[in-house]
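Here's query_19.txt, which has compact mmCIF, C-alpha atoms:
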```
# COMPACT_ATOMS: atom_id res chain seq x y z
CA MET A 1 6.49 -46.56 -2.56
CA SER A 2 6.46 -45.96 -6.25
CA LEU A 3 9.07 -44.10 -8.22
CA ASP A 4 12.15 -45.33 -6.43
CA SER A 5 11.35 -48.96 -7.10
CA LEU A 6 11.24 -48.61 -10.87
CA PRO A 7 14.85 -49.54 -11.63
CA ALA A 8 15.09 -52.06 -8.79
CA ALA A 9 14.08 -55.10 -10.79
CA ALA A 10 15.84 -54.16 -14.00
CA SER A 11 18.29 -57.04 -13.54
CA ALA A 12 17.50 -60.65 -14.43
CA PRO A 13 15.78 -59.78 -17.71
CA ASP A 14 15.45 -63.23 -19.20
CA LEU A 15 13.45 -65.24 -16.75
CA PRO A 16 11.33 -67.53 -18.90
CA LYS A 17 7.75 -66.33 -18.93
CA SER A 18 5.03 -68.71 -17.90
CA ALA A 19 1.63 -69.29 -19.45
CA PRO A 20 -0.85 -66.38 -19.30
CA PRO A 21 -3.07 -66.54 -16.20
CA GLY A 22 -6.75 -67.42 -16.28
CA VAL A 23 -9.53 -65.33 -14.79
CA PHE A 24 -9.63 -67.08 -11.43
CA THR A 25 -5.85 -67.12 -11.15
CA LEU A 26 -5.85 -63.36 -11.75
CA PHE A 27 -8.41 -62.82 -9.01
CA PHE A 28 -6.59 -64.91 -6.42
CA ALA A 29 -3.11 -63.66 -7.32
CA PHE A 30 -4.17 -60.02 -6.92
CA ALA A 31 -6.10 -60.77 -3.74
CA LYS A 32 -2.98 -62.36 -2.27
CA MET A 33 -0.67 -59.50 -3.27
CA SER A 34 -3.16 -56.97 -1.94
CA LEU A 35 -3.66 -58.63 1.43
CA ALA A 36 0.12 -58.95 1.87
CA GLY A 37 0.57 -55.26 1.00
CA PHE A 38 0.83 -53.28 4.20
CA GLY A 39 1.87 -49.73 3.40
CA GLY A 40 1.49 -50.07 -0.37
CA VAL A 41 0.91 -52.99 -2.69
CA LEU A 42 3.38 -52.12 -5.46
CA ALA A 43 6.39 -54.03 -4.09
CA PHE A 44 4.27 -57.13 -3.62
CA ALA A 45 2.71 -56.80 -7.06
CA ARG A 46 6.14 -56.61 -8.66
CA ARG A 47 7.38 -59.64 -6.74
CA GLY A 48 4.26 -61.63 -7.57
CA ILE A 49 3.99 -60.74 -11.25
CA VAL A 50 7.67 -60.69 -12.25
CA GLU A 51 9.45 -63.09 -9.92
CA GLN A 52 6.89 -65.52 -8.59
CA HIS A 53 4.45 -66.06 -11.45
CA ARG A 54 6.68 -64.74 -14.26
CA TRP A 55 3.78 -63.30 -16.20
CA MET A 56 5.81 -60.28 -17.26
CA THR A 57 9.48 -59.44 -17.56
CA ALA A 58 10.81 -56.69 -15.29
CA ASP A 59 10.90 -54.29 -18.26
CA GLU A 60 7.32 -55.03 -19.26
CA PHE A 61 6.27 -54.48 -15.67
CA ASN A 62 8.11 -51.16 -15.47
CA GLU A 63 6.54 -49.95 -18.71
CA THR A 64 3.06 -50.92 -17.58
CA PHE A 65 3.57 -49.29 -14.21
CA ALA A 66 4.95 -46.11 -15.76
CA LEU A 67 1.75 -45.78 -17.80
CA CYS A 68 -0.42 -46.33 -14.72
CA HIS A 69 1.60 -43.90 -12.64
CA PHE A 70 1.28 -41.25 -15.31
CA LEU A 71 -2.49 -41.51 -15.48
CA PRO A 72 -4.65 -40.12 -12.65
CA GLY A 73 -6.18 -42.33 -9.99
CA PRO A 74 -4.84 -44.97 -7.66
CA ASN A 75 -1.80 -46.37 -9.53
CA ILE A 76 -2.01 -49.92 -8.37
CA VAL A 77 -5.73 -50.11 -9.18
CA ASN A 78 -4.97 -48.89 -12.69
CA LEU A 79 -2.21 -51.48 -12.93
CA SER A 80 -4.52 -54.34 -11.95
CA VAL A 81 -7.02 -53.42 -14.69
CA VAL A 82 -4.39 -52.90 -17.39
CA PHE A 83 -2.59 -56.11 -16.42
CA GLY A 84 -5.70 -58.28 -16.21
CA SER A 85 -7.14 -56.99 -19.48
CA ARG A 86 -3.89 -57.60 -21.31
CA PHE A 87 -4.26 -61.33 -20.70
CA ARG A 88 -8.00 -61.94 -20.55
CA GLY A 89 -9.71 -58.86 -21.94
CA VAL A 90 -12.30 -56.91 -19.97
CA ILE A 91 -13.21 -59.91 -17.79
CA GLY A 92 -9.57 -60.31 -16.84
CA GLY A 93 -9.34 -56.64 -15.90
CA VAL A 94 -12.46 -56.95 -13.75
CA ALA A 95 -11.11 -60.11 -12.09
CA ALA A 96 -7.76 -58.54 -11.20
CA PHE A 97 -9.48 -55.36 -9.98
CA THR A 98 -11.96 -57.31 -7.83
CA GLY A 99 -9.15 -59.36 -6.36
CA LEU A 100 -7.08 -56.30 -5.57
CA VAL A 101 -9.84 -54.15 -4.10
CA GLY A 102 -12.53 -56.59 -2.89
CA PRO A 103 -10.96 -58.46 0.05
CA PRO A 104 -9.15 -55.49 1.65
CA MET A 105 -12.28 -53.38 1.12
CA LEU A 106 -14.34 -55.92 3.09
CA LEU A 107 -11.73 -55.73 5.83
CA CYS A 108 -11.94 -51.92 5.79
CA ILE A 109 -15.74 -52.08 6.05
CA ILE A 110 -15.42 -54.30 9.14
CA LEU A 111 -12.89 -51.89 10.64
CA ALA A 112 -15.15 -48.94 9.80
CA ALA A 113 -18.09 -50.63 11.53
CA LEU A 114 -15.93 -51.29 14.61
CA TYR A 115 -14.71 -47.71 14.55
CA SER A 116 -18.19 -46.25 14.31
CA ARG A 117 -19.15 -48.29 17.38
CA TYR A 118 -15.99 -47.95 19.49
CA GLY A 119 -14.34 -44.86 18.00
CA GLU A 120 -15.10 -42.78 21.07
CA LEU A 121 -13.27 -45.13 23.45
CA GLU A 122 -10.40 -43.24 25.00
CA THR A 123 -7.94 -46.13 24.58
CA LEU A 124 -8.70 -46.54 20.88
CA ARG A 125 -8.43 -42.79 20.34
CA ARG A 126 -4.97 -42.79 21.91
CA ILE A 127 -3.78 -45.77 19.86
CA LEU A 128 -5.03 -44.26 16.61
CA ALA A 129 -3.45 -40.90 17.44
CA GLY A 130 -0.09 -42.70 17.77
CA VAL A 131 -0.65 -44.63 14.54
CA SER A 132 -1.56 -41.53 12.56
CA CYS A 133 1.59 -39.72 13.74
CA ALA A 134 3.65 -42.69 12.54
CA ALA A 135 1.68 -42.83 9.28
CA VAL A 136 2.50 -39.18 8.58
CA GLY A 137 6.15 -40.02 9.22
CA LEU A 138 5.96 -42.78 6.59
CA LEU A 139 4.39 -40.36 4.13
CA VAL A 140 7.19 -37.88 4.74
CA SER A 141 9.84 -40.56 4.12
CA VAL A 142 8.25 -41.55 0.80
CA MET A 143 8.11 -37.88 -0.14
CA PHE A 144 11.79 -37.39 0.60
CA ARG A 145 12.74 -40.47 -1.40
CA MET A 146 10.86 -39.05 -4.39
CA MET A 147 12.46 -35.63 -3.88
CA LYS A 148 16.04 -36.91 -3.74
CA PRO A 149 16.61 -37.10 -7.52
CA LEU A 150 15.32 -33.52 -7.91
CA ILE A 151 17.71 -32.28 -5.25
CA LYS A 152 20.62 -34.25 -6.71
CA ARG A 153 20.00 -32.77 -10.16
CA ARG A 154 19.73 -29.28 -8.57
CA ASP A 155 16.43 -29.07 -10.41
CA VAL A 156 15.44 -25.68 -8.98
CA THR A 157 12.42 -25.09 -11.24
CA SER A 158 10.85 -28.41 -10.22
CA LEU A 159 11.47 -27.63 -6.56
CA VAL A 160 9.81 -24.24 -6.98
CA VAL A 161 6.76 -25.87 -8.59
CA LEU A 162 6.73 -28.43 -5.77
CA VAL A 163 6.76 -25.77 -3.05
CA ALA A 164 4.12 -23.69 -4.86
CA VAL A 165 1.76 -26.67 -5.02
CA PHE A 166 2.46 -27.43 -1.35
CA VAL A 167 1.65 -23.86 -0.31
CA ALA A 168 -1.49 -23.66 -2.47
CA VAL A 169 -2.96 -26.97 -1.32
CA GLY A 170 -1.45 -27.47 2.15
CA LEU A 171 -1.43 -23.93 3.53
CA ALA A 172 -3.93 -21.95 1.46
CA ARG A 173 -6.20 -25.02 1.24
CA LEU A 174 -7.26 -24.26 -2.32
CA PRO A 175 -9.33 -26.88 -4.17
CA LEU A 176 -7.20 -29.52 -5.89
CA ALA A 177 -8.84 -29.04 -9.28
CA THR A 178 -8.10 -25.30 -9.33
CA VAL A 179 -4.47 -25.83 -8.36
CA LEU A 180 -3.87 -28.60 -10.88
CA LEU A 181 -5.61 -26.80 -13.75
CA ILE A 182 -3.15 -23.94 -13.22
CA ALA A 183 -0.01 -25.83 -12.16
CA THR A 184 -0.09 -28.68 -14.70
CA PRO A 185 0.16 -26.53 -17.87
CA ILE A 186 2.82 -24.36 -16.22
CA SER A 187 4.90 -27.36 -15.21
CA ILE A 188 4.60 -28.95 -18.66
CA ALA A 189 5.47 -25.64 -20.34
CA ILE A 190 8.59 -25.31 -18.19
CA ALA A 191 9.64 -28.89 -19.00
CA PHE A 192 9.08 -28.21 -22.71
CA LEU A 193 11.07 -24.97 -22.71
CA LEU A 194 13.94 -26.48 -20.74
CA GLN A 195 14.09 -29.46 -23.08
CA ARG A 196 14.18 -27.20 -26.12
CA ARG A 197 16.94 -25.13 -24.58
CA VAL A 198 19.02 -28.23 -23.88
CA LYS A 199 18.49 -29.46 -27.44
CA GLY A 200 19.31 -26.04 -28.92
CA ALA A 201 22.52 -25.68 -26.92
CA MET B 1 -23.88 -27.94 -1.20
CA THR B 2 -26.66 -30.41 -1.96
CA GLY B 3 -27.85 -30.81 1.61
CA ASP B 4 -31.21 -32.47 1.01
CA SER B 5 -30.26 -34.89 -1.77
CA ASN B 6 -29.12 -38.45 -1.16
CA PRO B 7 -25.61 -38.36 0.35
CA ILE B 8 -24.62 -41.48 -1.60
CA TRP B 9 -24.89 -39.56 -4.87
CA THR B 10 -22.84 -36.76 -3.40
CA LEU B 11 -20.21 -39.36 -2.50
CA VAL B 12 -20.27 -40.82 -5.99
CA TRP B 13 -19.82 -37.63 -7.96
CA THR B 14 -17.39 -36.15 -5.45
CA PHE B 15 -15.00 -39.09 -5.54
CA ALA B 16 -15.44 -39.80 -9.24
CA LEU B 17 -14.43 -36.24 -10.01
CA MET B 18 -11.63 -36.28 -7.45
CA SER B 19 -10.10 -39.47 -8.86
CA LEU B 20 -9.49 -37.72 -12.17
CA PHE B 21 -7.31 -35.18 -10.36
CA ALA B 22 -5.44 -37.73 -8.23
CA ILE B 23 -2.11 -37.54 -10.00
CA GLY B 24 0.54 -39.60 -8.26
CA GLY B 25 -1.98 -41.85 -6.56
CA ALA B 26 -4.33 -41.80 -3.61
CA ASN B 27 -1.96 -40.14 -1.13
CA ALA B 28 -1.84 -37.06 -3.34
CA ALA B 29 -5.62 -36.71 -3.03
CA ILE B 30 -5.63 -36.65 0.79
CA PRO B 31 -5.79 -32.81 1.01
CA GLU B 32 -8.79 -32.75 -1.32
CA MET B 33 -10.49 -35.56 0.63
CA HIS B 34 -9.93 -33.58 3.84
CA ARG B 35 -11.25 -30.38 2.29
CA ILE B 36 -14.39 -32.07 0.99
CA ALA B 37 -15.10 -34.42 3.91
CA VAL B 38 -14.21 -32.08 6.80
CA ASP B 39 -14.51 -28.50 5.56
CA VAL B 40 -17.20 -28.63 2.87
CA HIS B 41 -19.61 -31.40 3.88
CA HIS B 42 -18.75 -31.88 7.57
CA TRP B 43 -18.93 -35.64 7.15
CA LEU B 44 -16.07 -36.11 9.61
CA THR B 45 -14.34 -34.06 12.27
CA ASP B 46 -10.65 -33.26 11.95
CA LYS B 47 -9.89 -35.92 14.55
CA GLN B 48 -11.99 -38.56 12.80
CA PHE B 49 -10.19 -37.81 9.55
CA ALA B 50 -6.84 -38.44 11.22
CA ASP B 51 -8.23 -41.67 12.72
CA VAL B 52 -9.56 -42.85 9.37
CA PHE B 53 -6.20 -42.12 7.75
CA ALA B 54 -4.50 -44.16 10.49
CA ILE B 55 -6.87 -47.11 10.00
CA SER B 56 -6.40 -47.09 6.23
CA GLN B 57 -2.62 -47.16 6.63
CA LEU B 58 -2.82 -49.97 9.19
CA SER B 59 -4.90 -52.25 7.00
CA PRO B 60 -3.50 -54.06 3.96
CA GLY B 61 -4.39 -53.23 0.37
CA PRO B 62 -4.17 -50.11 -1.77
CA ASN B 63 -3.98 -46.76 0.09
CA VAL B 64 -7.05 -45.62 -1.79
CA LEU B 65 -9.22 -47.59 0.65
CA ILE B 66 -9.38 -44.55 2.93
CA VAL B 67 -12.38 -43.62 0.76
CA THR B 68 -14.09 -46.85 1.88
CA LEU B 69 -13.84 -45.62 5.47
CA ILE B 70 -15.03 -42.11 4.61
CA GLY B 71 -17.91 -43.60 2.60
CA TYR B 72 -18.92 -45.81 5.51
CA THR B 73 -19.18 -42.86 7.92
CA VAL B 74 -21.41 -41.07 5.40
CA GLY B 75 -23.69 -43.85 4.25
CA GLY B 76 -22.89 -47.17 5.94
CA LEU B 77 -22.26 -50.20 3.74
CA GLY B 78 -23.76 -48.58 0.64
CA GLY B 79 -21.68 -45.48 1.16
CA ALA B 80 -18.50 -47.53 1.52
CA LEU B 81 -19.13 -49.42 -1.73
CA ALA B 82 -20.23 -46.31 -3.63
CA ALA B 83 -17.22 -44.24 -2.55
CA THR B 84 -14.74 -47.01 -3.36
CA LEU B 85 -16.15 -47.73 -6.80
CA ALA B 86 -16.47 -44.03 -7.62
CA MET B 87 -12.84 -43.45 -6.73
CA CYS B 88 -11.53 -46.50 -8.67
CA VAL B 89 -13.71 -47.18 -11.70
CA PRO B 90 -13.47 -43.97 -13.80
CA THR B 91 -9.68 -43.88 -13.79
CA ALA B 92 -9.48 -47.66 -14.24
CA VAL B 93 -11.61 -47.35 -17.39
CA LEU B 94 -9.39 -44.50 -18.55
CA ALA B 95 -6.26 -46.57 -17.91
CA TYR B 96 -7.78 -49.48 -19.84
CA GLY B 97 -8.58 -47.22 -22.77
CA VAL B 98 -5.16 -45.59 -22.87
CA SER B 99 -3.35 -48.92 -22.55
CA ARG B 100 -5.30 -50.21 -25.55
CA LEU B 101 -4.34 -47.14 -27.58
CA MET B 102 -0.72 -47.34 -26.56
CA ALA B 103 -0.22 -51.05 -27.05
CA ARG B 104 3.33 -50.36 -28.20
CA PRO B 105 5.58 -47.79 -26.55
CA THR B 106 5.82 -44.74 -28.79
CA GLU B 107 8.93 -42.99 -30.04
CA SER B 108 7.48 -39.65 -28.99
CA ARG B 109 9.17 -37.87 -26.11
CA TRP B 110 5.90 -36.29 -24.96
CA PRO B 111 4.76 -39.01 -22.53
CA ALA B 112 8.10 -39.04 -20.71
CA MET B 113 8.22 -35.25 -20.61
CA ILE B 114 4.70 -34.87 -19.23
CA GLN B 115 5.42 -37.61 -16.72
CA GLY B 116 8.52 -35.74 -15.57
CA ALA B 117 6.56 -32.50 -15.32
CA LEU B 118 3.96 -34.17 -13.09
CA VAL B 119 6.51 -35.48 -10.57
CA PRO B 120 6.99 -32.20 -8.65
CA LEU B 121 3.20 -31.73 -8.56
CA SER B 122 2.60 -35.09 -6.96
CA ILE B 123 5.42 -34.61 -4.43
CA GLY B 124 4.01 -31.19 -3.49
CA LEU B 125 0.60 -32.78 -2.99
CA MET B 126 2.07 -35.50 -0.78
CA ALA B 127 3.78 -32.85 1.34
CA ALA B 128 0.43 -31.10 1.71
CA SER B 129 -1.14 -34.45 2.70
CA GLY B 130 1.47 -34.89 5.42
CA LEU B 131 0.86 -31.41 6.78
CA ILE B 132 -2.92 -31.70 6.79
CA VAL B 133 -3.02 -35.06 8.56
CA ALA B 134 -0.32 -33.90 10.99
CA GLN B 135 -2.35 -30.80 11.87
CA ALA B 136 -5.39 -32.99 12.41
CA ALA B 137 -3.51 -35.59 14.44
CA ASP B 138 -0.54 -34.09 16.27
CA ARG B 139 -1.43 -32.81 19.68
CA ASN B 140 1.90 -32.22 21.44
CA TRP B 141 5.63 -32.21 20.92
CA VAL B 142 5.93 -35.95 21.59
CA ALA B 143 3.62 -36.48 18.62
CA VAL B 144 5.79 -34.29 16.40
CA LEU B 145 8.88 -36.11 17.64
CA LEU B 146 7.30 -39.47 16.82
CA THR B 147 6.45 -38.29 13.30
CA VAL B 148 10.02 -37.14 12.73
CA ALA B 149 11.49 -40.33 14.23
CA VAL B 150 9.36 -42.53 11.97
CA ALA B 151 10.29 -40.45 8.91
CA VAL B 152 13.99 -40.88 9.71
CA ALA B 153 13.69 -44.59 10.55
CA ALA B 154 11.75 -45.32 7.36
CA SER B 155 14.23 -43.35 5.23
CA ALA B 156 17.39 -44.76 6.77
CA THR B 157 16.42 -48.43 7.19
CA ARG B 158 14.47 -51.06 5.27
CA ILE B 159 12.26 -51.83 8.25
CA ASN B 160 8.72 -52.99 7.43
CA PRO B 161 6.45 -49.91 7.76
CA LEU B 162 3.90 -51.98 9.67
CA TRP B 163 6.28 -52.19 12.66
CA LEU B 164 6.62 -48.41 12.73
CA LEU B 165 2.83 -48.00 12.68
CA LEU B 166 2.45 -50.53 15.48
CA ALA B 167 5.18 -48.78 17.50
CA GLY B 168 3.23 -45.54 17.10
CA GLY B 169 0.10 -47.33 18.28
CA CYS B 170 1.93 -48.64 21.38
CA LEU B 171 3.21 -45.15 22.27
CA GLY B 172 -0.32 -43.83 21.86
CA PHE B 173 -1.69 -46.64 24.04
CA ALA B 174 0.89 -45.77 26.70
CA GLY B 175 -0.62 -42.29 26.77
CA LEU B 176 2.43 -40.47 25.42
CA ILE B 177 0.76 -38.88 22.40
```
If you convert what's in this file into C-alpha cells, what do you get?
Amino acid sequence: MSLDSLPAAASAPDLPKSAPPGVFTLFFAFAKMSLAGFGGVLAFARRGIVEQHRWMTADEFNETFALCHFLPGPNIVNLSVVFGSRFRGVIGGVAAFTGLVGPPMLLCIILAALYSRYGELETLRRILAGVSCAAVGLLVSVMFRMMKPLIKRRDVTSLVVLVAVFVAVGLARLPLATVLLIATPISIAIAFLLQRRVKGA
Amino acid sequence: MTGDSNPIWTLVWTFALMSLFAIGGANAAIPEMHRIAVDVHHWLTDKQFADVFAISQLSPGPNVLIVTLIGYTVGGLGGALAATLAMCVPTAVLAYGVSRLMARPTESRWPAMIQGALVPLSIGLMAASGLIVAQAADRNWVAVLLTVAVAVAASATRINPLWLLLAGGCLGFAGLI
C-alpha cells in the first residue's frame, strides 16, 4: 500500500509539467482520487498527480510522500495538505484535504447510519464477518510486502524490534504511546550504532 | 475515565492524541483504537469493532475513515465529524509546518535513518492490527482459512482488493463464516 510503491514510478522522469492547479481543481482532483481509492488511495494519488495531471514529477512525488510517511498520522491526508499548500498556500491545503476526506466521509456517515439501524440483522452480520476476515488477509499481505526487504537483507535487529512491538501491542495489549515512547528511541539508537559501525569498518 | 463529561470531547482529545502516535498510517493505530473504543470506553463491542473495520475497508477513501464510523457510534453525526477532524487535523498541521521548514531536501542523513528505524515499528503495529481484528472477527476455521487465502491471493496476484473483500462478503452471506 505504501512503501513498495515508492520506486515504481521512478521511470519516465521528464514528463512536461503542467500549470499549477487552482483551488477548485485541487478539491475535485483529490475527491476523484479518493473516491476511486478502494483499499488505499496512494496508488490513485500517484497516478492522478504524476501521470494524469502532471503536477509533479515522479521524484518530486516520492520525496513528498516520503516526508508524509515519516511523519505521524494518516499518510495520504498529510500528503493532500502538503501538496495543496505547495501550490496554493493554506487555502490550497484545505481544498485538497476537504476533497480527499469530505466525500468519502459523507459516504461513511451514511454507511454508519445504516449500520446503526440494521447492524443486528443476521444476514448483514454474516456478510460483514466475511468481509472483515478478507480485510485482515489484505492487511497481512501488505505487512508481508513491507517485511520482505528486511528479510532479504537478513536485518535481524529490525525483525527483533518488529516482533517486540507486535508482542507488546498485539498480545500484551499495552497502550500505543507507552510502547512507542520506549521502542522509538531504542530503534533509532540501534540504527545509529549500526550505521556508525558500518562507516567505521 | 471521564464518564459524565461530553463524549464528543473525549472523542476529540482521544483521537487527536492518538494521531500523533500513528506512525506508518491509520492501520498502525488500529490496536490503539480497539483498546480505547472497546476496552477502555466500551463504545463498541468486539464484534462491532470488527464490523466497523470491515465497513471502512469496503468503502473508498483513506483507511483513516474508520474513526468516522467509531465517532458515529459514540455521538452520531457530530461524533463522526469530531473524530475525523481530530484524527486528521493535528498531524496535517504538523506535516504542513515540517514541509515548509524542509522546502529543500537536506544533506543530513538523519531523516533517512530515522525513517528506516521507524519501518519495523510500523510493520509490528500492522501485525498487531491484523491479530486484534482477527480475534474480534474470526469465529471458526473457515474464517481463518479465508483470511489466509486472501493474504496469499493478494500477495501473489495483482487482483483488485475490492474483489477479495466482496468474495469474503459472499462467503459470509452463504453462511460459511
* Asked: Which is closer to Ala143 (chain B) than all the others in A:Ala135, A:Val156, A:Ala172, A:Ala189, using all atoms listed in the file?
  ->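 For Ala143 (chain B), the nearest of the given residues is A:Ala135.
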* With all atoms listed in the file as the basis for distance, which of B:Val40, B:Leu85, B:Leu145, B:Ala26 is at the shortest distance from chain A? ->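 Under the stated criterion, the closest residue is B:Ala26.
Picture a line from CA of Ile123 (chain B) to CA of Phe38 (chain A); it runs 21.1 Å.
Excluding Leu162 (chain B) and any residue on its chain fewer than 4 positions from it, the residues at most 10 Å away by all atoms listed in the file are A:Gly37, A:Phe38, A:Gly39, A:Val131, A:Ala134, A:Ala135, A:Leu138, B:Gln57, B:Leu58, B:Ser59, B:Pro60, B:Leu166, B:Ala167, B:Gly168.
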* Closest of B:Ile36, B:Ala86, B:Ala29, B:Ala151 to chain A - atom-to-atom distances counting only C-alpha atoms ->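 Closest candidate: B:Ala151.
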* Asked: Out of B:Gly116, B:Gly24, B:Gly78, B:Gly124, which residue has the shortest atom-to-atom distance to Val167 (chain A) when counting all atoms listed in the file?
  -> B:Gly124
* To do: Could you list the residues in chain B lying within 6 Å of chain A, using all atoms listed in the file, and format the result as an MDAnalysis selection string?
  => chainID B and resid 19:20 22:23 25:26 32 51 54 60:62 69 91:92 95:96 114:115 117 120:121 124:125 128 130 147:148 150:151 155 165 168:169 172:173
* What is the distance between CA of Ser18 (chain A) and CA of Trp55 (chain A), in Å to one decimal? ->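 Distance reported for this atom pair: 5.8 Å.
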* Using only C-alpha atoms, find the one residue out of B:Leu44, B:Ile132, B:Met113, B:Ile30 that sits nearest to Ser56 (chain B). => B:Ile30
* Of the candidates B:Met33, B:Val89, B:Leu94, B:Cys170, which shows the shortest atom-to-atom distance to Thr98 (chain A), using all atoms listed in the file? -> B:Val89
* Asked: Quick one: distance from CA of Asn6 (chain B) to CA of Ala82 (chain B) in Å, one decimal?
  -> 12.1 Å
* For Met87 (chain B), list every protein, DNA or RNA residue within 8 Å, evaluated using all atoms listed in the file, and leave out those in the same chain fewer than 5 positions away; present the list as a list in words. => Gly73 of chain A; Val12, Phe15, Ala16, Met18, Ser19, Val64 and Val67 of chain B
Selection to disk with C-alpha atoms, as a tab-separated table (two decimals), keeping the file's coordinate frame:
```tsv
chain	number	residue	atom	x	y	z
A	73	GLY	CA	-6.18	-42.33	-9.99
B	12	VAL	CA	-20.27	-40.82	-5.99
B	15	PHE	CA	-15.00	-39.09	-5.54
B	16	ALA	CA	-15.44	-39.80	-9.24
B	18	MET	CA	-11.63	-36.28	-7.45
B	19	SER	CA	-10.10	-39.47	-8.86
B	64	VAL	CA	-7.05	-45.62	-1.79
B	67	VAL	CA	-12.38	-43.62	0.76
```
Let me have the centre and edge lengths in Å, one decimal, of the box along x, y and z around every listed atom of region 149-167 of chain B with 3 Å of margin on each side, as lines of an AutoDock Vina configuration file.
```
center_x = 9.9
center_y = -46.7
center_z = 11.4
size_x = 20.9
size_y = 18.7
size_z = 18.3
```
* So which residues touch Gly75 (chain B) within 10 Å, counting only C-alpha atoms, skipping near sequence neighbours fewer than 3 positions away, as a list in words? ->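 Counting only the stated atoms, we get Asn6, Pro7, Ile8, Leu11, Trp43, Ile70, Gly71, Tyr72, Gly78, Gly79, Ala80, Leu81, Ala82 and Ala83 of chain B.
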Just save region 23-82 of chain A with C-alpha atoms, as a PDB file, in the first residue's frame.
```
ATOM      1  CA  VAL A  23      -8.194  25.697  -5.546  1.00  0.00           C
ATOM      2  CA  PHE A  24     -11.273  24.116  -7.109  1.00  0.00           C
ATOM      3  CA  THR A  25      -9.194  21.848  -9.317  1.00  0.00           C
ATOM      4  CA  LEU A  26      -7.358  20.649  -6.204  1.00  0.00           C
ATOM      5  CA  PHE A  27     -10.625  19.872  -4.446  1.00  0.00           C
ATOM      6  CA  PHE A  28     -12.128  17.935  -7.343  1.00  0.00           C
ATOM      7  CA  ALA A  29      -8.917  16.108  -8.251  1.00  0.00           C
ATOM      8  CA  PHE A  30      -8.463  14.834  -4.694  1.00  0.00           C
ATOM      9  CA  ALA A  31     -12.146  13.957  -4.375  1.00  0.00           C
ATOM     10  CA  LYS A  32     -11.888  11.882  -7.542  1.00  0.00           C
ATOM     11  CA  MET A  33      -8.713  10.073  -6.464  1.00  0.00           C
ATOM     12  CA  SER A  34     -10.197   9.408  -3.046  1.00  0.00           C
ATOM     13  CA  LEU A  35     -13.485   8.011  -4.301  1.00  0.00           C
ATOM     14  CA  ALA A  36     -11.627   5.741  -6.739  1.00  0.00           C
ATOM     15  CA  GLY A  37      -9.359   4.514  -3.933  1.00  0.00           C
ATOM     16  CA  PHE A  38     -10.686   1.236  -2.637  1.00  0.00           C
ATOM     17  CA  GLY A  39      -8.165  -0.313  -0.279  1.00  0.00           C
ATOM     18  CA  GLY A  40      -5.880   2.733  -0.131  1.00  0.00           C
ATOM     19  CA  VAL A  41      -5.703   5.967  -2.064  1.00  0.00           C
ATOM     20  CA  LEU A  42      -1.941   6.201  -2.617  1.00  0.00           C
ATOM     21  CA  ALA A  43      -1.794   4.383  -5.971  1.00  0.00           C
ATOM     22  CA  PHE A  44      -4.576   6.566  -7.326  1.00  0.00           C
ATOM     23  CA  ALA A  45      -2.987   9.733  -5.978  1.00  0.00           C
ATOM     24  CA  ARG A  46       0.285   8.884  -7.693  1.00  0.00           C
ATOM     25  CA  ARG A  47      -1.444   8.149 -10.990  1.00  0.00           C
ATOM     26  CA  GLY A  48      -3.510  11.328 -10.794  1.00  0.00           C
ATOM     27  CA  ILE A  49      -0.755  13.712  -9.705  1.00  0.00           C
ATOM     28  CA  VAL A  50       2.191  12.361 -11.715  1.00  0.00           C
ATOM     29  CA  GLU A  51       0.731  10.766 -14.827  1.00  0.00           C
ATOM     30  CA  GLN A  52      -2.659  12.282 -15.425  1.00  0.00           C
ATOM     31  CA  HIS A  53      -2.344  15.906 -14.315  1.00  0.00           C
ATOM     32  CA  ARG A  54       1.471  16.093 -14.358  1.00  0.00           C
ATOM     33  CA  TRP A  55       1.614  18.455 -11.416  1.00  0.00           C
ATOM     34  CA  MET A  56       4.730  16.773 -10.046  1.00  0.00           C
ATOM     35  CA  THR A  57       7.479  14.592 -11.443  1.00  0.00           C
ATOM     36  CA  ALA A  58       7.731  11.056 -10.077  1.00  0.00           C
ATOM     37  CA  ASP A  59      10.763  12.078  -7.995  1.00  0.00           C
ATOM     38  CA  GLU A  60       9.026  15.092  -6.502  1.00  0.00           C
ATOM     39  CA  PHE A  61       6.076  12.880  -5.647  1.00  0.00           C
ATOM     40  CA  ASN A  62       8.300  10.276  -3.988  1.00  0.00           C
ATOM     41  CA  GLU A  63      10.079  12.934  -1.931  1.00  0.00           C
ATOM     42  CA  THR A  64       6.806  14.472  -0.796  1.00  0.00           C
ATOM     43  CA  PHE A  65       5.375  11.090   0.065  1.00  0.00           C
ATOM     44  CA  ALA A  66       8.489  10.045   1.968  1.00  0.00           C
ATOM     45  CA  LEU A  67       8.106  13.120   4.177  1.00  0.00           C
ATOM     46  CA  CYS A  68       4.424  12.372   4.804  1.00  0.00           C
ATOM     47  CA  HIS A  69       5.113   8.724   5.520  1.00  0.00           C
ATOM     48  CA  PHE A  70       7.784   9.647   8.018  1.00  0.00           C
ATOM     49  CA  LEU A  71       5.513  11.972   9.970  1.00  0.00           C
ATOM     50  CA  PRO A  72       2.752  10.549  12.183  1.00  0.00           C
ATOM     51  CA  GLY A  73      -0.876  10.460  11.114  1.00  0.00           C
ATOM     52  CA  PRO A  74      -2.687   9.214   8.055  1.00  0.00           C
ATOM     53  CA  ASN A  75      -0.066   9.464   5.273  1.00  0.00           C
ATOM     54  CA  ILE A  76      -2.341  10.293   2.422  1.00  0.00           C
ATOM     55  CA  VAL A  77      -4.099  13.011   4.438  1.00  0.00           C
ATOM     56  CA  ASN A  78      -0.715  14.561   5.196  1.00  0.00           C
ATOM     57  CA  LEU A  79       0.146  14.322   1.510  1.00  0.00           C
ATOM     58  CA  SER A  80      -3.012  16.145   0.428  1.00  0.00           C
ATOM     59  CA  VAL A  81      -2.265  19.072   2.759  1.00  0.00           C
ATOM     60  CA  VAL A  82       1.416  19.315   1.833  1.00  0.00           C
TER      61      VAL A  82
END
```
